[in-house]
Structure formats: C-alpha cells, structure tokens
Amino acid sequence: MSHGNRNSGPPVPSRSRCSSVAGRLERWYQENGRSFGWRNRSASKYVRVVTEVLVQRTRAETVDGMLRGFLRRFPGWTALDRARTSTLERVLKPIGLYRRRAKSLKGLAKYAASVRGRFPADRDQLEQVTAVGQYVASAILLFCHGQPEPLLDTNMARVLERYFGPRQLADIRYDPYLHELSRRVVTAGDPVVINWAILDLGALVCKPRTPECNACPLKRGCQFRKQHPPA
C-alpha cells in the first residue's frame with residue numbers, strides 16, 4: 001500500500017514518546033474500556049471481521065445490540081455466503097446503510113467461503129478482494145494473522161492528531177504521517193488492546209465536539225489541550 005510522499009507531513013514522533021502514549025492507553029482501557037461481545041476472548045475471527053464491517057460509520061453500541069441475533073442467523077462465512085442479499089438487507093436495515101453493508105458482507109463471504117475462511121496475510125492480495133478496503137484489510141491482518149495493524153478511521157485519526165499534531169492530507173487513507181504514527185503507537189504494546197483503547201477514548205472522552213479533556217489519560221502533552229485549555 002503506497003502512502004505517497006513521506007515528506008508531505010510533520011515528522012513522526014519518537015518511538016519512546018509513542019510507547020509512553022501506548023502505555024497510558026492500555027492502563028486507561030483496563031479500567032474504562034467498553035465491553036462488547038466481539039471483544040471476548042472466545043470471539044472467533046469471523047465475528048471480529050464481520051463486526052468491523054458493521055461498525056464503520058455506526059455506533060459500536062448499536063452493532064452490539066443486534067450482533068447476537070445476526071450471528072444466530074449467520075453463524076459463519078458459509079451461511080453468510082448462502083444468504084439471499086434481500087434477506088441480509090432486511091436484517092441490516094435497522095442499523096442503516098444496509099444495501100452497502102449487505103453488498104460488502106456478501107462479497108467478503110463469497111471469497112471467504114471459497115478459501116475456507118483462510119484470508120491471505122498480504123495486504124495487497126486482501127485489497128484485491130471485493131469489499132475489502134484499507135480498513136477491513138487491516139482488521140483481517142490484525143485479527144486473523146496477528147499483525148500489528150492500526151484500525152485507522154476518523155475516530156483514531158482525531159485522537160492521534162489532537163495529541164501529536166495534525167496531518168496534511170485530507171484523506172486519512174493516503175496520509176503517510178498518520179499511517180506511520182498510528183502503526184508506531186499500536187506496535188508499542190498489545191496491538192488489539194491499543195486499537196480498542198484509542199477507539200473507546202475517541203467515543204467516550206476525546207469526542208468530536210465536546211471533548212472531556214480533564215478526564216483524558218493523554219491530557220499531559222496533548223497539543224489540542226494546550227491550544228484549547230478547558231475552562
């Protein structure tokens with residue numbers, strides 16, 4: 001995956017600074033992280049990958065509320081592949097974007113069923129699969145192959161940019177600074193836990209419009225807080 005000209009953004013912070021942030025995130029998550037079914041140790045790779053498709057542009061709590069019923073109906077890739085698209089759309093309609101999600105899941109399921117759920121461990125190969133973009137590829141590499149990939153979305157971008165400083169490119173998919181920064185942070189500890197910690201921090205504390213800076217484990221050293229000190 002090409003991230004363009006590396007000189008298009010600010011310098012990536014040192015590994016020691018990223019490690020300090022990762023440690024604070026992990027400690028905060030142990031006390032404050034959200035509890036969802038797909039985060040249980042017993043959750044399968046299938047459950048975790050499907051969930052990442054569903055949570056894009058949707059609140060995690062909303063997905064959590066429908067996931068058990070969804071999994072009873074579609075317990076694995078084969079069941080999902082055999083399902084009618086219209087049935088899948090009907091099941092997904094309550095969480096929105098149902099046509100788009102149904103198309104994505106059907107494309108993913110068709111491929112997964114053909115390879116018995118054994119996705120390739122190579123990003124370039126993954127991104128050739130229908131419905132597998134950058135984010136879902138990262139989820140597959142993280143949850144299926146144990147590769148320390150960041151689940152980089154707008155929430156993770158917001159948290160990291162507020163703390164370390166902003167990117168320069170408008171589209172997070174192509175910003176080399178943000179990709180290198182996020183990878184450096186998630187590889188500084190348990191990648192799965194740090195990913196979930198950043199996503200939870202963005203949802204609960206470092207919110208888009210009303211961040212609760214005084215409750216943030218990253219308030220010390222945060223660039224955003226320096227520029228926007230809380231009252």
# chains A, B, ... in the order shown; residues from 1 in each chain; ligands from 1

call {"tool": "select_by_dssp", "arguments": {"residues": "range 9-198 of chain A", "states": "helix (DSSP H, G or I)", "output": "VMD selection string"}}
result
chain A and resid 15 to 32 37 to 39 45 to 55 60 to 73 77 to 82 85 to 95 98 to 114 123 to 126 134 to 145 154 to 164 172 to 174 176 to 186 191 to 198

call {"tool": "residues_around", "arguments": {"residues": "range 149-165 of chain A", "least_positions_apart": "5", "cutoff": "7 Å", "atoms": "only C-alpha atoms", "output": "list in words"}}
result
Tyr135, Ser138, Ala139, Leu141, Leu142, Ser182, Arg183, Val186, Asn195, Ile198, Leu199, Gly202, Cys206, Cys222, Gln223 and Phe224 of chain A

call {"tool": "atom_distance", "arguments": {"atom1": "CA of Glu127 in chain A", "atom2": "CA of Arg82 in chain A"}}
result
22.8 Å

call {"tool": "residues_around", "arguments": {"residues": "Ala170 in chain A", "least_positions_apart": "3", "cutoff": "12 Å", "atoms": "only C-alpha atoms", "output": "mmCIF file with N, CA and C atoms, in the first residue's frame"}}
result
data_model
loop_
_atom_site.group_PDB
_atom_site.id
_atom_site.type_symbol
_atom_site.label_atom_id
_atom_site.label_comp_id
_atom_site.auth_asym_id
_atom_site.auth_seq_id
_atom_site.Cartn_x
_atom_site.Cartn_y
_atom_site.Cartn_z
ATOM 1 N N SER A 8 5.262 14.737 3.070
ATOM 2 C CA SER A 8 4.052 15.547 2.992
ATOM 3 C C SER A 8 3.470 15.883 4.352
ATOM 4 N N GLY A 9 4.085 15.459 5.444
ATOM 5 C CA GLY A 9 3.555 15.741 6.775
ATOM 6 C C GLY A 9 4.664 16.032 7.759
ATOM 7 N N THR A 154 -11.750 7.700 11.284
ATOM 8 C CA THR A 154 -11.780 9.109 11.680
ATOM 9 C C THR A 154 -11.632 9.291 13.190
ATOM 10 N N ALA A 157 -7.942 8.783 14.013
ATOM 11 C CA ALA A 157 -7.225 9.935 13.477
ATOM 12 C C ALA A 157 -7.394 11.145 14.386
ATOM 13 N N PRO A 166 -1.602 17.656 13.710
ATOM 14 C CA PRO A 166 -2.437 17.290 12.564
ATOM 15 C C PRO A 166 -1.669 16.767 11.357
ATOM 16 N N ARG A 167 -2.391 15.997 10.556
ATOM 17 C CA ARG A 167 -1.887 15.548 9.256
ATOM 18 C C ARG A 167 -2.018 16.683 8.259
ATOM 19 N N ARG A 173 -6.769 7.917 4.339
ATOM 20 C CA ARG A 173 -6.287 6.691 3.706
ATOM 21 C C ARG A 173 -4.929 6.880 3.051
ATOM 22 N N TYR A 174 -4.593 8.110 2.714
ATOM 23 C CA TYR A 174 -3.370 8.344 1.956
ATOM 24 C C TYR A 174 -2.336 9.188 2.689
ATOM 25 N N ASP A 175 -2.611 9.526 3.932
ATOM 26 C CA ASP A 175 -1.677 10.392 4.656
ATOM 27 C C ASP A 175 -0.556 9.558 5.283
ATOM 28 N N PRO A 176 0.683 9.692 4.814
ATOM 29 C CA PRO A 176 1.774 8.846 5.299
ATOM 30 C C PRO A 176 2.116 9.095 6.763
ATOM 31 N N TYR A 177 2.042 10.351 7.192
ATOM 32 C CA TYR A 177 2.326 10.682 8.597
ATOM 33 C C TYR A 177 1.375 9.949 9.522
ATOM 34 N N LEU A 178 0.086 9.985 9.224
ATOM 35 C CA LEU A 178 -0.916 9.379 10.086
ATOM 36 C C LEU A 178 -0.788 7.855 10.099
#

call {"tool": "residues_around", "arguments": {"residues": "range 21-28 of chain A", "least_positions_apart": "3", "cutoff": "12 Å", "atoms": "only C-alpha atoms", "output": "ChimeraX atom specification"}}
result
/A:13-18,31-34,159-160,163-164,181-202,204-205,215-222

call {"tool": "residues_around", "arguments": {"residues": "Leu67 in chain A", "least_positions_apart": "4", "cutoff": "12 Å", "atoms": "only C-alpha atoms", "output": "VMD selection string"}}
result
chain A and resid 36 to 38 43 47 to 48 50 to 55 60 to 63 71 to 75 91 to 92 94 to 95

call {"tool": "closest_residue", "arguments": {"among": "A:Ser86, A:Ala121, A:Gly76, A:Gln128", "to": "Pro148 in chain A", "atoms": "only C-alpha atoms"}}
result
A:Ala121

call {"tool": "atom_distance", "arguments": {"atom1": "CA of Asp171 in chain A", "atom2": "CA of Val129 in chain A"}}
result
21.7 Å

call {"tool": "closest_residue", "arguments": {"among": "A:Leu97, A:Leu80, A:Ile140, A:Ala131", "to": "Arg57 in chain A", "atoms": "only C-alpha atoms"}}
result
A:Leu97

call {"tool": "atom_distance", "arguments": {"atom1": "CA of Leu108 in chain A", "atom2": "CA of Thr87 in chain A"}}
result
16.3 Å
